[in-house]
Amino acid sequence: MPNWCINDVTVSHPDRKVMRRLIRGFKRGRLFSEFMPETLMEWGTAGDIGRGADSSLGIVDPHTIKLEFETRWTPPIPVFDFWVDIGCQVRGEFFREPDGDLSGTYKNKRIKWAKPFPPIEERNYWR
C-alpha cells in the first residue's frame with residue numbers, strides 16, 4: 001500500500017486559455033497529462049488527478065486556481081516544474097503521511113524540504 005502525499009498548490013498564469021485548460025484537465029481527471037502525452041510514471045507520479053473525493057479545485061480568479069490533492073509516494077515535482085516551464089507561477093506545500101518524511105514547500109522550481117518527524121518508536125508525545 002503506498003504512502004500518500006498530500007499536496008496543496010496554487011497555480012496562476014496570465015493567459016486565461018492555459019488556466020481553462022488546467023481546469024478542464026482537472027474536471028476530466030487528467031490534470032497532469034493534459035499538456036503532454038508522456039506517461040505519468042515518466043512525470044514522477046503513479047497516477048493522474050482530477051475531480052474526486054481526495055481532490056478539490058478552487059478558482060481564485062480567472063488567472064489563479066488552488067488545488068488540493070493526494071499523490072502516491074511523492075509530490076509531483078516534475079509536473080510542477082513543467083507548469084513553471086510553460087509560464088505558470090506554482091507555489092505550494094506537500095506532506096507525505098504517516099511520518100512526514102517527504103514534506104516541504106515548492107515555489108517555482110525551488111524546494112525547501114522540512115525536517116522529517118522522528119520514527120514512531122522514538123516519539124514520546126503519545127506516552
# chains A, B, ... in the order shown; residues from 1 in each chain; ligands from 1
call {"tool": "residues_around", "arguments": {"residues": "Cys5 (chain A)", "least_positions_apart": "5", "cutoff": "9 Å", "atoms": "only C-alpha atoms", "output": "number ranges by chain"}}
result
A: 69-75, 94-97, 100, 102-103
call {"tool": "select_by_dssp", "arguments": {"residues": "region 53-117 of chain A", "states": "helix (DSSP H, G or I)", "output": "PyMOL selection string"}}
result
chain A and resi 77-85
call {"tool": "write_last_selection", "arguments": {"atoms": "C-alpha atoms", "output": "PDB file, in the first residue's frame"}}
result
ATOM      1  CA  ILE A  77       7.571  17.879  -8.626  1.00  0.00           C
ATOM      2  CA  PRO A  78       8.285  17.129 -12.337  1.00  0.00           C
ATOM      3  CA  VAL A  79       4.720  18.224 -13.127  1.00  0.00           C
ATOM      4  CA  PHE A  80       5.129  21.421 -11.094  1.00  0.00           C
ATOM      5  CA  ASP A  81       8.416  22.104 -12.913  1.00  0.00           C
ATOM      6  CA  PHE A  82       6.717  21.607 -16.287  1.00  0.00           C
ATOM      7  CA  TRP A  83       3.958  24.060 -15.338  1.00  0.00           C
ATOM      8  CA  VAL A  84       6.651  26.615 -14.458  1.00  0.00           C
ATOM      9  CA  ASP A  85       8.333  25.930 -17.830  1.00  0.00           C
TER      10      ASP A  85
END
call {"tool": "residues_around", "arguments": {"residues": "Gly58 (chain A)", "least_positions_apart": "5", "cutoff": "8 Å", "atoms": "only C-alpha atoms", "output": "NGL selection string"}}
result
:A and (65-67)
call {"tool": "residues_around", "arguments": {"residues": "Leu31 (chain A)", "least_positions_apart": "2", "cutoff": "12 Å", "atoms": "only C-alpha atoms", "output": "PyMOL selection string"}}
result
chain A and resi 18-29+33-37+40+47-51+55-57+67+69+76+79-80+83
call {"tool": "atom_distance", "arguments": {"atom1": "CA of Asp54 (chain A)", "atom2": "CA of Ile86 (chain A)"}}
result
26.4 Å
call {"tool": "atom_distance", "arguments": {"atom1": "CA of His63 (chain A)", "atom2": "CA of Ala114 (chain A)"}}
result
29.2 Å
